[in-house]
Structures are given as C-alpha cells and as structure tokens.
>>> print(open('entry-v2.txt').read())   # compact mmCIF, C-alpha atoms
# COMPACT_ATOMS: atom_id res chain seq x y z
CA MET A 122 43.75 10.83 -23.85
CA ALA A 123 40.04 11.21 -24.47
CA CYS A 124 38.90 12.49 -27.84
CA PRO A 125 38.60 16.30 -27.76
CA LYS A 126 35.73 16.14 -30.26
CA ALA A 127 33.57 13.74 -28.25
CA GLU A 128 31.25 16.37 -26.80
CA GLY A 129 30.01 17.45 -30.21
CA CYS A 130 29.97 13.98 -31.72
CA ALA A 131 26.52 12.70 -32.66
CA LEU A 132 27.52 9.08 -32.16
CA TYR A 133 29.21 9.59 -28.81
CA GLU A 134 25.79 10.17 -27.27
CA LEU A 135 24.67 6.83 -28.65
CA PHE A 136 27.82 5.06 -27.51
CA THR A 137 26.93 6.01 -23.94
CA SER A 138 23.28 5.00 -24.22
CA ARG A 139 23.62 1.22 -24.29
CA ALA A 140 26.15 -1.10 -22.71
CA LEU A 141 26.90 -3.00 -25.91
CA LEU A 142 27.78 0.21 -27.72
CA GLY A 143 30.25 1.27 -25.05
CA VAL A 144 32.98 -0.71 -26.76
CA TRP A 145 33.19 2.00 -29.43
CA LYS A 146 33.70 4.59 -26.72
CA THR A 147 36.37 2.50 -25.02
CA TYR A 148 38.20 1.68 -28.22
CA TYR A 149 37.99 5.01 -30.02
CA CYS A 150 36.75 7.88 -27.81
CA LEU A 151 38.88 6.98 -24.80
CA GLY A 152 41.55 5.12 -26.73
CA GLN A 153 42.71 5.56 -30.29
CA HIS A 154 40.65 8.59 -31.26
CA GLU A 155 43.31 9.55 -33.80
CA ASN A 156 42.23 6.46 -35.75
CA CYS A 157 38.54 7.45 -35.68
CA GLU A 158 37.30 8.43 -39.11
CA ARG A 159 34.92 10.99 -37.58
CA PHE A 160 37.79 12.61 -35.68
CA LYS A 161 40.00 12.66 -38.77
CA ARG A 162 37.29 14.29 -40.84
CA SER A 163 36.59 16.89 -38.18
CA GLU A 164 40.28 17.76 -38.12
CA THR A 165 40.22 18.43 -41.86
CA GLY A 166 36.89 20.27 -41.79
CA GLN A 167 35.00 17.66 -43.80
CA GLU A 168 31.29 17.00 -43.45
CA ILE A 169 30.56 14.20 -40.97
CA ASP A 170 27.38 12.24 -41.51
CA ASP A 171 25.56 11.02 -38.42
CA THR A 172 25.77 7.47 -39.77
CA LEU A 173 29.57 7.46 -40.27
CA LEU A 174 31.15 5.00 -37.86
CA PRO A 175 34.60 5.47 -36.32
CA ASN A 176 35.89 2.62 -38.48
CA GLY A 177 34.91 4.50 -41.66
CA GLN A 178 31.86 2.39 -42.47
CA SER A 179 28.32 3.76 -42.71
CA LEU A 180 25.36 2.48 -40.77
CA GLN A 181 22.84 0.65 -42.93
CA PRO A 182 19.92 0.72 -43.07
CA VAL A 183 18.57 3.68 -41.17
CA LYS A 184 14.90 4.45 -41.67
CA GLN A 185 14.96 7.95 -40.25
CA ARG A 186 17.42 10.38 -38.77
CA MET B 279 23.52 53.81 -12.10
CA GLU B 280 26.55 51.94 -13.33
CA PRO B 281 26.02 48.22 -12.77
CA ALA B 282 28.45 46.47 -10.49
CA PHE B 283 29.40 43.38 -12.46
CA ILE B 284 31.18 40.51 -10.82
CA SER B 285 34.96 40.96 -10.76
CA PRO B 286 36.49 39.49 -13.94
CA TRP B 287 39.23 37.92 -11.82
CA LEU B 288 36.68 36.16 -9.64
CA ALA B 289 34.67 35.20 -12.73
CA GLY B 290 37.79 33.68 -14.28
CA VAL B 291 38.50 31.60 -11.20
CA LEU B 292 34.88 30.45 -10.96
CA THR B 293 34.76 29.55 -14.65
CA ALA B 294 37.97 27.58 -14.38
CA LEU B 295 36.54 25.82 -11.34
CA VAL B 296 33.48 24.83 -13.37
CA ALA B 297 35.65 23.49 -16.20
CA VAL B 298 37.88 21.48 -13.86
CA THR B 299 34.92 20.13 -11.87
CA TYR B 300 33.13 19.16 -15.07
CA ALA B 301 36.20 17.32 -16.34
CA GLY B 302 36.62 15.61 -12.98
CA VAL B 303 33.01 14.44 -12.79
CA THR B 304 32.42 13.45 -16.41
CA GLY B 305 35.93 12.69 -17.63
CA TRP B 306 35.41 15.01 -20.62
CA MET B 307 36.53 18.51 -21.43
CA LEU B 308 33.88 21.20 -21.17
CA GLY B 309 32.45 22.64 -24.37
CA VAL B 310 29.07 24.34 -24.13
CA SER B 311 28.38 24.47 -27.87
CA GLY B 312 29.19 20.77 -28.10
CA LEU B 313 26.76 19.99 -25.29
CA PHE B 314 24.09 22.10 -26.95
CA ASP B 315 24.69 20.39 -30.26
CA ALA B 316 24.53 16.99 -28.59
CA ALA B 317 21.25 17.92 -26.90
CA LEU B 318 19.73 18.89 -30.25
CA ARG B 319 21.03 15.73 -31.87
CA ARG B 320 19.26 13.49 -29.36
CA ARG B 321 16.61 13.23 -32.07
CA VAL B 322 18.86 10.70 -33.83
CA SER B 323 18.65 8.41 -30.80
CA ASN B 324 15.83 6.36 -32.25
CA GLU B 325 15.42 2.64 -32.12
CA ASP B 326 16.23 2.09 -35.81
CA LEU B 327 19.57 3.82 -35.48
CA LEU B 328 20.40 2.04 -32.25
CA ALA B 329 19.51 -1.33 -33.73
CA ALA B 330 21.71 -0.66 -36.76
CA LEU B 331 24.49 0.50 -34.47
CA GLU B 332 24.25 -2.62 -32.33
CA ALA B 333 24.49 -4.79 -35.44
CA ALA B 334 27.55 -2.84 -36.58
CA THR B 335 29.05 -3.20 -33.12
CA LEU B 336 28.71 -6.96 -33.16
CA ALA B 337 30.16 -7.08 -36.68
CA GLN B 338 33.15 -5.00 -35.64
CA PHE B 339 33.91 -6.29 -32.17
CA GLY B 340 31.84 -9.45 -31.68
CA GLU B 341 30.17 -10.33 -28.38
CA GLN B 342 31.64 -8.28 -25.55
CA PRO B 343 31.89 -9.92 -22.14
CA GLY B 344 29.88 -8.07 -19.51
CA ALA B 345 28.13 -5.93 -22.08
CA ALA B 346 24.71 -6.68 -20.66
CA GLU B 347 25.69 -6.01 -17.07
CA GLY B 348 25.14 -2.30 -17.02
CA PRO B 349 25.35 1.02 -18.80
CA ALA B 350 28.51 1.94 -20.68
CA THR B 351 28.79 5.20 -18.84
CA ALA B 352 28.49 5.82 -15.14
CA PRO B 353 25.19 7.49 -14.18
CA SER B 354 27.07 10.43 -12.66
CA ASP B 355 28.77 11.02 -16.01
CA ARG B 356 25.54 11.07 -18.00
CA ASN B 357 23.60 13.05 -15.40
CA ALA B 358 26.30 15.68 -15.11
CA ARG B 359 26.35 16.20 -18.86
CA ARG B 360 22.56 16.17 -19.11
CA TRP B 361 22.12 18.77 -16.39
CA PHE B 362 24.92 21.11 -17.36
CA LEU B 363 22.93 23.27 -19.82
CA PRO B 364 19.84 23.78 -17.62
CA GLY B 365 22.18 24.26 -14.68
CA MET B 366 23.99 27.00 -16.55
CA LEU B 367 20.73 28.86 -17.20
CA LEU B 368 19.42 28.32 -13.67
CA GLY B 369 22.77 29.38 -12.22
CA GLY B 370 22.59 32.70 -14.04
CA LEU B 371 19.03 33.21 -12.87
CA ALA B 372 19.93 32.32 -9.28
CA TRP B 373 22.86 34.72 -9.35
CA ARG B 374 20.59 37.51 -10.56
CA LEU B 375 17.96 36.82 -7.92
CA LEU B 376 20.48 36.50 -5.10
CA SER B 377 22.40 39.62 -6.10
CA PRO B 378 19.88 42.47 -6.01
CA ALA B 379 22.63 45.07 -5.59
CA THR B 380 24.13 44.57 -9.04
CA GLY B 381 22.03 47.35 -10.55
CA LEU B 382 21.07 45.23 -13.53
CA GLU B 383 17.48 45.37 -14.67
CA TRP B 384 15.49 42.78 -16.53
CA GLY B 385 15.77 43.10 -20.28
CA THR B 386 18.48 45.74 -20.38
CA LEU B 387 21.30 43.28 -21.22
CA GLY B 388 23.82 45.74 -19.83
CA PRO B 389 24.48 49.45 -20.40
CA SER B 390 26.06 49.14 -23.85
CA MET B 391 23.13 47.24 -25.30
CA SER B 392 20.69 49.76 -23.86
CA LEU B 393 22.69 52.57 -25.39
CA TRP B 394 22.83 51.09 -28.86
CA LEU B 395 19.41 49.49 -28.89
CA PRO B 396 16.90 51.34 -26.73
CA SER B 397 13.97 49.12 -27.67
CA LEU B 398 13.60 45.75 -25.96
CA GLY B 399 12.37 44.13 -29.19
CA ALA B 400 15.49 45.23 -31.06
CA ARG B 401 17.71 43.92 -28.28
CA VAL B 402 15.99 40.55 -28.30
CA GLY B 403 16.24 40.39 -32.10
CA VAL B 404 19.92 41.25 -32.12
CA LEU B 405 20.57 38.81 -29.31
CA PHE B 406 18.78 36.02 -31.16
CA GLY B 407 20.60 36.78 -34.42
CA SER B 408 23.89 36.90 -32.57
CA GLY B 409 23.15 33.53 -31.04
CA VAL B 410 22.49 32.01 -34.44
CA LEU B 411 25.70 33.46 -35.88
CA LEU B 412 27.61 32.32 -32.82
CA GLY B 413 26.23 28.82 -33.29
CA PHE B 414 27.36 28.71 -36.91
CA GLY B 415 30.78 30.04 -36.01
CA ALA B 416 31.20 27.66 -33.11
CA ARG B 417 30.35 24.62 -35.20
CA MET B 418 32.61 25.75 -38.04
CA ALA B 419 35.47 26.32 -35.60
CA GLY B 420 34.86 23.04 -33.79
CA GLY B 421 34.04 24.74 -30.51
CA CYS B 422 33.03 27.96 -28.78
CA THR B 423 34.60 30.22 -26.20
CA SER B 424 34.35 27.62 -23.46
CA GLY B 425 35.52 24.68 -25.55
CA HIS B 426 38.48 26.48 -27.10
CA GLY B 427 39.13 29.15 -24.47
CA LEU B 428 38.82 27.02 -21.37
CA SER B 429 39.37 23.42 -22.35
CA GLY B 430 41.34 23.62 -25.61
CA VAL B 431 43.93 26.16 -24.52
CA ALA B 432 44.32 24.48 -21.13
CA THR B 433 45.14 21.21 -22.86
CA GLY B 434 47.45 22.76 -25.45
CA GLN B 435 45.32 22.31 -28.58
CA ARG B 436 46.88 24.35 -31.39
CA GLY B 437 43.55 25.04 -33.08
CA SER B 438 42.19 26.41 -29.83
CA PHE B 439 45.03 28.92 -29.54
CA VAL B 440 44.24 30.15 -33.04
CA SER B 441 40.51 30.33 -32.32
CA VAL B 442 40.98 32.22 -29.07
CA ALA B 443 43.42 34.63 -30.70
CA VAL B 444 40.90 35.38 -33.45
CA PHE B 445 37.75 35.82 -31.39
CA TRP B 446 39.57 37.67 -28.62
CA THR B 447 41.11 40.15 -31.06
CA VAL B 448 37.86 40.74 -32.93
CA ALA B 449 35.81 41.11 -29.75
CA THR B 450 38.28 43.53 -28.17
CA ALA B 451 38.53 45.62 -31.31
CA LEU B 452 34.77 45.74 -31.81
CA SER B 453 34.19 46.62 -28.17
CA ALA B 454 36.77 49.41 -28.37
CA VAL B 455 35.15 50.83 -31.51
CA MET B 456 31.67 50.71 -29.99
CA ASN B 457 32.84 52.42 -26.81
CA ARG B 458 34.72 55.04 -28.81
CA VAL B 459 31.69 55.83 -30.95
CA ALA B 460 29.45 55.92 -27.89
CA GLY B 461 31.91 58.24 -26.14
CA ARG B 462 32.40 55.96 -23.17
>>> encode(input="entry-v2.txt", output="structure tokens")
Amino acid sequence: MACPKAEGCALYELFTSRALLGVWKTYYCLGQHENCERFKRSETGQEIDDTLLPNGQSLQPVKQR
Amino acid sequence: MEPAFISPWLAGVLTALVAVTYAGVTGWMLGVSGLFDAALRRRVSNEDLLAALEAATLAQFGEQPGAAEGPATAPSDRNARRWFLPGMLLGGLAWRLLSPATGLEWGTLGPSMSLWLPSLGARVGVLFGSGVLLGFGARMAGGCTSGHGLSGVATGQRGSFVSVAVFWTVATALSAVMNRVAGR
C-alpha cells in the first residue's frame, strides 16, 4: 500500500523529479513506508526536516533550502 | 433571494468521484492541503539538494539499472498532481459562470457571511485569517477535510476517523450556534 503521507512529504516531490531518485519512491513510498523514518516521525507528531531521508540519515551538504 | 446551492447529495457524489478519479490517475490518495504544501515546498527543489540526494541514493542503493531511461513517475501522474490545485480553482469559477441561476453574488460568500460581516473588507480578512488557521490545523493534524474526510476515512485510517469526528462536531456546533444567534 502506498504511503498515506506521501502527498505532504517534501522529499516525495523530489523522488518523482529524477529517474535515479525513483528508487526511494519504489522502496519506501510504494513499498515499506512503515520503515520510512519520515513516516514514523509523522505518525508520532515529531518535526520532520526537509533533509531527513527515509533511511534516517540526513542529506549533507545542502547549501540552501 | 435565498441562494440555490448545489444539492449536498450530488456534491458528495461528485466529490467522491473526484477522489476516486484522482487516485486512479495518480495512484495516490487525494489530500488538498498536502498538494498545497507540496506546491509551496517546490522551492527546495534546487540543484544542490538534488545533487546531494543523488549522492545519497547511490550510497544507499548503488547504480540502478534503467535509471537513466526515463522519469521515475509517469507524466500523467505528475501532470495530474500539478494541475489539481489550479483545476480546483478554475472548476469553482467555471461552475459559478455556468450557473447564473444560483443567486450567488460576487463577494458575498453566502448569506451567513453577509449577515455576520456586512463589509467586503471584513469578509476578506476573516476568510484570509480562517485560511491561515485552517492551514495550521491541517498540517498539525496531518491532513485536511479532503485528506482525512475523503481519503483517510475511505481507507480506514484511525487518525482520520478521529479528525473527521472532531472537525465535524465543532463545525456543526458552531454553525448551529451562529444560526441560532442570527435567528435563522
């Protein structure tokens, strides 16, 4: 089942923007979204940074948001 | 003249049709606040972020076969999501223009708003403030009336049932109080 939080996810937009990034969408958004760190945090009401990846790591470096 | 609004039963069927069509075309559940939020967040789609994301992708998954062959999402998917918000606004405008017999006038926002707020400026101000509050509430609740009420409840999300119960109860109670005070 697709992730119910995908529409409001900042990274989901990016995952659909380039072919290489689609693997995140396939693996997490359409697959194991319950293992996505962003999904888990949204379920518990925690703040979700735009740079937080589904695997729990943060994107580095990012010059501007 | 009492405006002749569209039948709520017909509106319900049409809204459900929109939600089902959207899910069928895009493969995602409809949530207007989520789409709006995503549209505003397009500012993060800069080259630096994409480059960092591509590096993280390679680190996590390695080279993916066929990754360079085409977009990750079908064009119909992306176009449908991109055009939903302007389509929603244009649809409302088209309905108004094609339904001259509704009795609604520009800027009145319905009989209740005219009764409580006679001045157009006050109505616009209240509408804007309400929109801001609605945005905060929708993001805090993880969705708005469409996301929770249409998609979430239809797919059995527990949080959506709670959200709908809360905003439905509050809206009904507030509407009843306003009508009682206004003597309607």
>>> closest_residue(input="entry-v2.txt", among="B:Leu295, B:Ala289, B:Leu331, B:Leu313", to="A:Leu132", atoms="all atoms listed in the file")
B:Leu331
>>> closest_residue(input="entry-v2.txt", among="B:Leu371, B:Leu412, B:Leu363, B:Ala400", to="B:Tyr300", atoms="all atoms listed in the file")
B:Leu363
>>> atom_distance(input="entry-v2.txt", atom1="atom CA of B:Glu332", atom2="atom CA of A:Asn176")
14.2 Å
>>> closest_atom_pairs(input="entry-v2.txt", of="stretch 397-462 of chain B", to="stretch 148-170 of chain A", cutoff="10 Å", atoms="only C-alpha atoms", output="JSON lines")
{"residue": "B:Met418", "atom": "CA", "partner": "A:Gly166", "partner_atom": "CA", "distance": 7.9}
{"residue": "B:Ala419", "atom": "CA", "partner": "A:Gly166", "partner_atom": "CA", "distance": 8.8}
{"residue": "B:Gly420", "atom": "CA", "partner": "A:Ser163", "partner_atom": "CA", "distance": 7.8}
{"residue": "B:Gly437", "atom": "CA", "partner": "A:Glu164", "partner_atom": "CA", "distance": 9.4}
>>> interface_residues(input="entry-v2.txt", of="chain A", to="chain B", cutoff="10 Å", atoms="all atoms listed in the file", output="PyMOL selection string")
chain A and resi 122-148+151+163-164+166+171-172+174+176+178-186
